Structures are given as structure tokens and as C-alpha cells.
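Data block for work.txt (compact mmCIF, C-alpha atoms):
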```txt
# COMPACT_ATOMS: atom_id res chain seq x y z
CA TRP L 1 49.11 -13.15 31.64
CA LEU L 2 49.13 -16.65 30.19
CA GLU L 3 52.83 -16.92 31.17
CA PHE L 4 51.98 -16.97 34.89
CA HIS L 5 51.48 -20.13 36.93
CA ALA L 6 47.90 -21.37 37.20
CA GLU L 7 47.40 -19.92 40.70
CA GLN L 8 48.61 -16.44 39.76
CA HIS L 9 46.78 -16.57 36.41
CA ASP L 10 43.45 -17.33 38.09
CA GLY L 11 43.99 -14.64 40.73
CA ILE L 12 44.97 -11.98 38.20
CA HIS L 13 42.11 -12.87 35.89
CA ALA L 14 39.55 -12.80 38.70
CA ALA L 15 40.85 -9.42 39.94
CA TRP L 16 40.78 -8.01 36.40
CA LEU L 17 37.22 -9.24 35.83
CA ALA L 18 36.13 -7.69 39.13
CA SER L 19 37.65 -4.32 38.05
CA ARG L 20 40.05 -4.23 40.98
CA PRO L 21 42.88 -1.67 40.67
CA SER L 22 45.69 -4.14 41.39
CA TYR L 23 46.68 -7.68 42.34
CA ALA L 24 49.63 -8.62 44.59
CA PHE L 25 51.46 -11.94 44.82
CA SER L 26 54.82 -13.44 45.85
CA LEU L 27 57.00 -15.66 43.68
CA GLY L 28 60.56 -16.88 44.17
CA GLY L 29 61.04 -14.75 47.28
CA ASN L 30 60.01 -11.54 45.48
CA ASN L 31 56.85 -9.48 45.95
CA TYR L 32 55.05 -8.26 42.86
CA ARG L 33 52.08 -6.00 42.21
CA ILE L 34 50.15 -5.88 38.97
CA ASP L 35 48.57 -2.53 38.20
CA LEU L 36 45.42 -3.62 36.37
CA ARG L 37 44.68 -0.10 35.17
CA ARG L 38 48.06 0.49 33.53
CA LEU L 39 48.54 -3.27 32.81
CA VAL L 40 52.08 -3.40 34.19
CA GLN L 41 53.77 -5.73 36.69
CA VAL L 42 55.87 -3.97 39.33
CA ASN L 43 58.62 -5.54 41.43
CA VAL L 44 57.93 -3.96 44.83
CA ALA L 45 61.60 -4.03 45.89
CA THR L 46 63.33 -2.84 42.69
CA ARG L 47 60.42 -0.85 41.17
CA THR L 48 61.15 -2.43 37.78
CA GLU L 49 58.14 -2.76 35.50
CA ARG L 50 57.07 -4.97 32.63
CA LYS L 51 53.93 -4.85 30.56
CA VAL L 52 51.23 -7.49 30.89
CA ARG L 53 48.03 -7.98 28.94
CA PRO L 54 44.94 -10.16 29.18
CA PRO L 55 44.81 -13.21 26.88
CA ALA L 56 43.55 -12.48 23.38
CA TRP L 57 40.45 -14.66 23.80
CA ALA L 58 39.29 -12.57 26.77
CA VAL L 59 39.00 -9.24 24.91
CA SER L 60 36.96 -8.32 21.86
CA GLU L 61 36.68 -5.03 19.99
CA LEU L 62 33.52 -3.76 18.29
CA LYS L 63 33.99 -0.88 15.87
CA VAL L 64 30.86 1.26 15.87
CA GLY L 65 29.89 3.20 12.75
CA ALA L 66 27.25 5.76 11.91
CA TYR L 67 25.86 3.77 8.98
CA ARG L 68 23.83 1.28 11.05
CA PRO L 69 21.04 1.92 13.60
CA GLN L 70 21.99 2.13 17.29
CA SER L 71 19.90 -0.97 18.06
CA PHE L 72 22.19 -3.08 15.83
CA TYR L 73 25.27 -2.30 17.93
CA ALA L 74 23.32 -2.72 21.18
CA ARG L 75 22.30 -6.26 20.12
CA ALA L 76 25.82 -7.10 18.93
CA ALA L 77 27.35 -5.93 22.22
CA ALA L 78 24.84 -7.94 24.25
CA GLU L 79 25.59 -11.12 22.26
CA LEU L 80 29.34 -10.74 22.78
CA LEU L 81 28.95 -10.08 26.50
CA GLN L 82 26.43 -12.88 27.11
CA GLY L 83 27.89 -15.48 24.78
CA THR L 84 25.97 -17.95 22.66
CA GLU L 85 25.61 -21.72 22.45
CA ASP L 86 28.66 -21.86 20.21
CA ARG L 87 30.79 -19.14 21.80
CA GLU L 88 31.87 -18.25 25.34
CA PRO L 89 31.20 -14.66 26.47
CA VAL L 90 34.10 -12.28 26.10
CA CYS L 91 35.47 -10.96 29.39
CA GLU L 92 35.82 -7.40 28.16
CA LEU L 93 34.24 -5.65 25.18
CA ARG L 94 35.82 -2.48 23.83
CA LEU L 95 33.50 -0.24 21.86
CA LEU L 96 35.46 1.95 19.44
CA ALA L 97 33.77 4.95 17.85
CA ARG L 98 34.67 8.28 16.32
CA GLY L 99 32.78 11.37 15.24
CA ALA L 100 29.11 10.83 14.50
CA ALA L 101 29.25 7.19 15.67
CA ILE L 102 29.99 8.08 19.31
CA PRO L 103 26.28 8.29 20.35
CA ALA L 104 25.74 4.74 19.05
CA ALA L 105 28.66 3.43 21.14
CA VAL L 106 27.38 5.22 24.25
CA HIS L 107 23.90 3.79 23.62
CA ALA L 108 25.25 0.22 23.25
CA ALA L 109 27.26 0.48 26.50
CA ALA L 110 24.31 2.03 28.38
CA GLN L 111 21.98 -0.72 27.13
CA ALA L 112 24.44 -3.41 28.26
CA GLU L 113 24.38 -1.96 31.77
CA ALA L 114 20.61 -1.47 31.77
CA CYS L 115 20.03 -5.10 30.71
CA GLY L 116 22.43 -6.41 33.35
CA VAL L 117 24.85 -8.09 30.91
CA GLY L 118 27.79 -5.72 31.33
CA GLU L 119 29.36 -3.02 33.44
CA ILE L 120 31.21 0.03 32.12
CA CYS L 121 34.63 0.01 33.75
CA ARG L 122 36.57 2.59 31.76
CA VAL L 123 36.06 5.34 29.17
CA ARG L 124 38.90 6.85 27.14
CA THR L 125 38.53 9.88 24.92
CA ASP L 126 40.89 11.27 22.31
CA ALA L 127 40.95 13.38 19.15
CA GLN L 128 42.63 12.49 15.85
CA LEU L 129 43.97 15.27 13.63
CA GLU L 130 42.61 15.01 10.08
CA GLY L 131 43.87 17.87 8.00
CA GLU L 132 42.91 21.00 9.91
CA ARG L 133 40.15 19.30 11.89
CA ARG L 134 40.22 17.17 14.99
CA THR L 135 37.83 14.23 15.05
CA PRO L 136 36.79 13.06 18.54
CA GLN L 137 37.26 9.37 19.40
CA VAL L 138 36.03 7.28 22.31
CA THR L 139 36.83 3.79 23.62
CA ILE L 140 34.36 2.35 26.12
CA HIS L 141 35.47 -0.72 28.10
CA VAL L 142 32.57 -2.94 29.20
CA ARG L 143 33.12 -5.97 31.47
CA SER L 144 30.91 -9.02 31.02
CA LEU L 145 28.89 -9.88 34.13
CA GLU L 146 28.29 -13.35 32.68
CA ALA L 147 32.04 -13.99 32.39
CA LEU L 148 32.54 -12.72 35.94
CA ALA L 149 29.80 -15.03 37.24
CA ARG L 150 31.28 -18.01 35.38
CA SER L 151 34.75 -17.25 36.76
CA ARG L 152 33.41 -17.18 40.31
CA GLN L 153 31.47 -20.41 39.75
CA LYS L 154 34.53 -22.19 38.35
CA LYS L 155 36.56 -21.10 41.36
CA TRP L 156 33.83 -22.31 43.70
CA ASP L 157 33.59 -25.65 41.86
CA ARG L 158 37.37 -26.15 42.07
CA MET L 159 37.29 -25.35 45.76
CA ILE L 160 34.44 -27.80 46.40
CA SER L 161 36.07 -30.60 44.36
CA GLY L 162 39.38 -30.16 46.19
CA MET L 163 37.91 -30.26 49.68
CA GLY L 164 37.72 -34.06 49.96
CA ARG L 165 41.11 -34.82 51.52
CA GLU L 166 41.51 -31.75 53.69
CA THR L 167 37.98 -31.81 55.14
CA GLU L 168 37.37 -35.56 55.36
CA SER L 169 37.84 -35.35 59.16
CA MET L 170 35.54 -32.33 59.46
CA PRO L 171 31.97 -33.00 60.61
CA LYS L 172 29.45 -32.27 57.88
CA LEU L 173 27.56 -29.64 59.90
CA ASN L 174 30.81 -27.78 60.60
CA LEU L 175 31.72 -27.85 56.91
CA LEU L 176 28.29 -26.54 55.91
CA ARG L 177 28.62 -23.72 58.44
CA LEU L 178 32.03 -22.75 57.05
CA MET L 179 30.70 -22.80 53.48
CA LYS L 180 27.74 -20.64 54.56
CA GLU L 181 30.04 -18.06 56.17
CA PHE L 182 32.23 -17.84 53.08
CA ARG L 183 29.23 -17.48 50.77
CA ARG L 184 27.76 -14.77 52.99
CA ILE L 185 30.95 -12.71 52.99
CA GLU L 186 31.44 -13.21 49.24
CA GLN L 187 27.91 -11.98 48.48
CA ARG L 188 28.28 -8.95 50.73
CA LEU L 189 31.59 -8.02 49.11
CA LYS L 190 29.96 -8.30 45.65
CA GLY L 191 27.29 -5.76 46.41
CA GLY L 192 25.44 -6.44 49.63
CA PRO L 193 25.79 -4.57 52.92
CA PRO L 194 29.53 -3.84 53.33
CA VAL L 195 31.63 -5.84 55.77
CA ALA L 196 33.32 -3.30 58.04
CA GLY L 197 36.95 -2.87 57.03
CA VAL L 198 37.12 -5.93 54.76
CA LEU L 199 38.29 -5.22 51.19
CA LYS L 200 38.91 -8.77 50.00
CA CYS L 201 38.30 -12.30 51.20
CA GLU L 202 39.52 -15.22 49.08
CA PRO L 203 40.42 -18.86 49.73
CA VAL L 204 44.11 -19.75 49.50
CA GLU L 205 44.79 -22.06 46.54
CA ASP L 206 41.09 -22.97 46.49
CA SER L 207 41.24 -24.25 50.07
CA LEU L 208 38.16 -23.50 52.14
CA LEU L 209 40.14 -23.94 55.38
CA GLU L 210 42.51 -21.01 54.68
CA TRP L 211 41.45 -17.51 53.66
CA ASP L 212 43.37 -14.39 52.67
CA VAL L 213 41.70 -11.27 54.03
CA ALA L 214 42.63 -7.68 53.13
CA MET L 215 41.54 -5.05 55.65
CA ALA L 216 41.53 -1.27 55.83
CA PHE L 217 40.90 0.95 58.84
CA PRO L 218 39.40 4.40 59.49
CA GLU L 219 41.30 7.06 57.55
CA ALA L 220 42.03 9.07 60.70
CA SER L 221 43.64 6.14 62.53
CA PRO L 222 47.47 6.04 62.91
CA LEU L 223 47.54 2.49 61.52
CA GLN L 224 45.81 3.47 58.27
CA HIS L 225 48.08 6.51 57.95
CA SER L 226 51.10 4.19 58.20
CA LEU L 227 49.63 1.71 55.69
CA SER L 228 48.89 4.50 53.21
CA ASP L 229 52.41 5.95 53.58
CA LEU L 230 53.90 2.48 53.07
CA ALA L 231 51.82 1.89 49.93
CA GLU L 232 52.87 5.26 48.53
CA SER L 233 56.56 4.54 49.21
CA ALA L 234 56.17 1.24 47.32
CA GLY L 235 54.81 3.05 44.27
CA GLU L 236 51.15 2.23 44.94
CA ALA L 237 48.22 4.57 45.40
CA PRO L 238 47.73 5.54 49.07
CA THR L 239 44.18 4.16 48.87
CA GLU L 240 45.65 0.67 48.29
CA GLY L 241 47.32 0.56 51.71
CA CYS L 242 45.84 -2.40 53.56
CA LEU L 243 46.66 -5.16 56.01
CA LEU L 244 46.80 -8.67 54.52
CA LEU L 245 45.76 -11.38 56.98
CA ARG L 246 45.72 -15.18 56.70
CA ALA L 247 42.97 -17.08 58.55
CA ARG L 248 43.21 -20.85 59.09
CA PHE L 249 40.05 -22.59 60.31
CA PRO L 250 40.13 -25.63 62.60
CA LEU L 251 38.15 -28.76 61.80
CA ASP L 252 35.82 -28.10 64.75
CA PHE L 253 34.86 -24.57 63.61
CA PRO L 254 32.73 -22.77 64.88
CA GLY L 255 33.44 -24.53 68.18
CA ASN L 256 36.89 -22.93 68.07
CA PRO L 257 37.89 -19.72 66.29
CA PRO L 258 40.30 -19.57 63.35
CA GLU L 259 44.00 -18.89 63.75
CA VAL L 260 44.79 -15.46 62.28
CA TRP L 261 48.14 -13.86 61.54
CA VAL L 262 49.47 -10.88 59.58
CA ARG L 263 51.12 -11.71 56.26
CA ARG L 264 51.92 -8.23 54.99
CA PRO L 265 53.31 -5.75 55.86
CA ARG L 266 55.71 -6.60 58.68
CA LEU L 267 54.63 -4.78 61.81
CA VAL L 268 56.73 -3.46 64.68
CA HIS L 269 55.25 -3.37 68.18
CA ARG L 270 56.12 -0.23 70.14
CA THR L 271 55.21 0.47 73.76
```
How does this structure look as C-alpha cells?
Amino acid sequence: WLEFHAEQHDGIHAAWLASRPSYAFSLGGNNYRIDLRRLVQVNVATRTERKVRPPAWAVSELKVGAYRPQSFYARAAAELLQGTEDREPVCELRLLARGAAIPAAVHAAAQAEACGVGEICRVRTDAQLEGERRTPQVTIHVRSLEALARSRQKKWDRMISGMGRETESMPKLNLLRLMKEFRRIEQRLKGGPPVAGVLKCEPVEDSLLEWDVAMAFPEASPLQHSLSDLAESAGEAPTEGCLLLRARFPLDFPGNPPEVWVRRPRLVHRT
């Protein structure tokens, strides 16, 4: 996705690193959705698709053989996922193994998770016909937690560096309170106690004063039924049906609440 504008590139890359199923954006009056599992971009209106792929520098493949000890591949995987002084960590490591080498690949992926340097996000199995025999094959996709942490830190740094002009009239205590609230929600979405109904919360174009919030509702509610049906009609999984809100915070927050409106989908009020 190097062909996208910087804003879309950063959003797609962050969603891909976080193992989200999809990423939606608008461009030139059209709405698009990128299926990050199938790696295709879908025009929501026309249903046309085109393939996308992560940049070459973000993905590395490690072919696992049966001729080396399992500890060798575990160390090699950890180095690729953590990075070194001379090399940035890869965003995704793909462990490729076949036949007798499969246990070594599974061991390397399990060790990466146990050591906290990676997270298994996908496993693909297959069998290759060789003569009259079928040889099993496996591809294990492991995401780098170090790359994910660096991506989040870069986004936070950009947001902090760009706050000068827009927040210069905001009292310092109010700004600190807003930063604290955003950090708290971000940490809870990463793995803390869940925030009821909130699926995503991100600043708009690295602006701390505007947030995009995706919300879901109880499955039995009529609103969630409608959102799921709408997502399915647009070619998305019903579980991806959500309400996208935009929140704009005033300079005197928390003295006054943010302004909130619905961005997608368009709602119709019925009495």
C-alpha cells in the first residue's frame, strides 16, 4: 500500500499491524474498505476489487528445515521480530515449513509468543503432491509486537508535535486531561478492561482535538441488527457492522463536553 496517500498508508499499516480484519476510508467522494485478511481493496458502491499488499520491507520469510535444531529457528525468529542495532524489526514474519520441519516452525512461533516478541495472527496449512505422496506444508504468520509498539509511538509523537498551533489557546491542564483520557482509552483497547461498545478510537489526521470512534451495540438490539444487515449488503462480514462517530473537543474540555456526530452510516429517524 505504498501507493496510498500518507494518511491512508499510516491508517492501513496500523490496522494491519494490529491484526484488524479491515480498514475503511473515503477518497475522492468514494468509500473504500480494505479487507486485511484477503488483502483486497473494495469499492463499497461498485463492489469492484483490487489486490493490495504490504510493502516488501515490512514482511520477511523464514524457511524452516529439519537439518538444524529447533532453538536455531527460535533465535532467528526472535531477532527478526525484535530487530537489531543495524536493522529495524520486520512487521510480519512468515515461517514456512514442510514435512518433518513443521514442529520446528511451530516451536519458533510458540517461543516468539512466550517471550513477548510476537503474536501468531494466522496459520495456513496445505499439502503438496510429490509423486504418489502428499507432503504437508504450513505457513505461520507472526506479527512483531516491537513493530506495533514503534508504530503507535511514531503516531503519538506526530500527534504531539502537531498540537502546537491547534492547542496553543488551550490551557495546559485541559490539554493534559485530554491526553490522559486518550491514553487511557488506547491502553484499554489494547488489552485492558474493555470499553463498553467501543471498537476503535483514533485521532483524525493526528489531531488530538478530533477523534474517530467506532461503536457496536448489543447483538439483540434493533440498531445492531440494522448495522449488521447493512454491512452484509455492502459485502462485509456482519460482525463488522458498526457506527462511526466523530468527536470534536472544545478548548475548555472537560468544562464542556465534546461535539459528537454520526459519520457513517446515514441514519433515518422514524417516529
Checklist line | d(CA of Pro21 in chain L, CA of Gln137 in chain L) in Å | finding: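 For CA of Pro21 in chain L relative to CA of Gln137 in chain L, the distance reads 24.6 Å.
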Check: So which residues touch Arg264 in chain L within 12 Å, counting all atoms listed in the file, skipping near sequence neighbours fewer than 6 positions away, as a PyMOL selection string?
Finding: chain L and resi 24-26+31+212-215+227+230-231+241-246
Convert the current residue selection to file output with C-alpha atoms, as an mmCIF file, in the frame of the given file.
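Written output follows (selection.cif):
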```cif
data_model
loop_
_atom_site.group_PDB
_atom_site.id
_atom_site.type_symbol
_atom_site.label_atom_id
_atom_site.label_comp_id
_atom_site.auth_asym_id
_atom_site.auth_seq_id
_atom_site.Cartn_x
_atom_site.Cartn_y
_atom_site.Cartn_z
ATOM 1 C CA ALA L 24 49.630 -8.620 44.590
ATOM 2 C CA PHE L 25 51.460 -11.940 44.820
ATOM 3 C CA SER L 26 54.820 -13.440 45.850
ATOM 4 C CA ASN L 31 56.850 -9.480 45.950
ATOM 5 C CA ASP L 212 43.370 -14.390 52.670
ATOM 6 C CA VAL L 213 41.700 -11.270 54.030
ATOM 7 C CA ALA L 214 42.630 -7.680 53.130
ATOM 8 C CA MET L 215 41.540 -5.050 55.650
ATOM 9 C CA LEU L 227 49.630 1.710 55.690
ATOM 10 C CA LEU L 230 53.900 2.480 53.070
ATOM 11 C CA ALA L 231 51.820 1.890 49.930
ATOM 12 C CA GLY L 241 47.320 0.560 51.710
ATOM 13 C CA CYS L 242 45.840 -2.400 53.560
ATOM 14 C CA LEU L 243 46.660 -5.160 56.010
ATOM 15 C CA LEU L 244 46.800 -8.670 54.520
ATOM 16 C CA LEU L 245 45.760 -11.380 56.980
ATOM 17 C CA ARG L 246 45.720 -15.180 56.700
#
```
Item checked: Counting all atoms listed in the file, the option among L:Arg94, L:Thr46, L:Arg266, L:Ala105 closest to Phe72 in chain L ->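 Of L:Arg94, L:Thr46, L:Arg266, L:Ala105, the one nearest Phe72 in chain L is L:Ala105, counting all atoms listed in the file.
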Next item on the list: Tell me which protein, DNA and RNA residues are within 6 Å of range 75-81 of chain L, counting all atoms listed in the file, leaving out same-chain ones fewer than 4 positions away, and put them as a list in words.
Entry: Pro89, Val90 and Ser144 of chain L
Contacts of range 169-183 of chain L at 7 Å (all atoms listed in the file; same-chain gap of 2+ positions) as a JSON list (two decimals) with C-alpha atoms, in the coordinates of the input:
```
[["chain", "number", "residue", "atom", "x", "y", "z"],
["L", 167, "THR", "CA", 37.98, -31.81, 55.14],
["L", 185, "ILE", "CA", 30.95, -12.71, 52.99],
["L", 186, "GLU", "CA", 31.44, -13.21, 49.24],
["L", 187, "GLN", "CA", 27.91, -11.98, 48.48],
["L", 251, "LEU", "CA", 38.15, -28.76, 61.80],
["L", 252, "ASP", "CA", 35.82, -28.10, 64.75],
["L", 253, "PHE", "CA", 34.86, -24.57, 63.61],
["L", 254, "PRO", "CA", 32.73, -22.77, 64.88]]
```
Margin query: My list of candidates is L:Tyr73, L:Leu199, L:Ser22, L:Ala127. Which is closest to Phe217 in chain L when distances are computed with only C-alpha atoms?
Written below: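 Residue with the minimum atom-to-atom distance to Phe217 in chain L: L:Leu199.
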Note to self: What does the structure give for the distance between CA of Ile34 in chain L and CA of Glu49 in chain L, in Å to one decimal?
What the structure shows: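 Between CA of Ile34 in chain L and CA of Glu49 in chain L the gap works out to 9.3 Å.
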Item checked: Computed interatomic separation between CA of Ala18 in chain L and CA of Ala101 in chain L (Å) -> 28.6 Å
Using only the atoms of range 169-182 of chain L listed in the file, plus 8 Å on each side, state the axis-aligned box centre and edge lengths in Å rounded to one decimal, as JSON.
```
{"center_x": 32.7, "center_y": -26.6, "center_z": 56.8, "size_x": 26.3, "size_y": 33.5, "size_z": 23.5}
```
Margin query: Given the point (59.4, -1.2, 47.9) in the file's coordinates, find the residues that have an atom at most 12 Å from it, counting all atoms listed in the file, and give them as a list in words.
Written below: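 In the file's frame, the residues around the point are Asn30, Asn31, Tyr32, Arg33, Val42, Asn43, Val44, Ala45, Thr46, Arg47, Thr48, Asp229, Leu230, Ala231, Glu232, Ser233, Ala234, Gly235, Glu236 and Pro265 of chain L.
The environment of Val204 in chain L within 10 Å, counting all atoms listed in the file and disregarding residues fewer than 2 places along the same chain, consists of Glu7, Met159, Cys201, Glu202, Asp206, Ser207, Leu208, Leu209, Glu210, Trp211, Asp212, Val213, Arg246, Ala247 and Arg248 of chain L.
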Next item on the list: Pick out the closest residue to Ser71 in chain L from this set: L:Gly197, L:Pro55, L:Gly83, L:Pro103. Count all atoms listed in the file.
Entry: L:Pro103
Check: Which is closer to Ser19 in chain L than all the others in L:Arg134, L:Lys190, L:Arg87, L:Lys63, using only C-alpha atoms?
Finding: L:Lys190
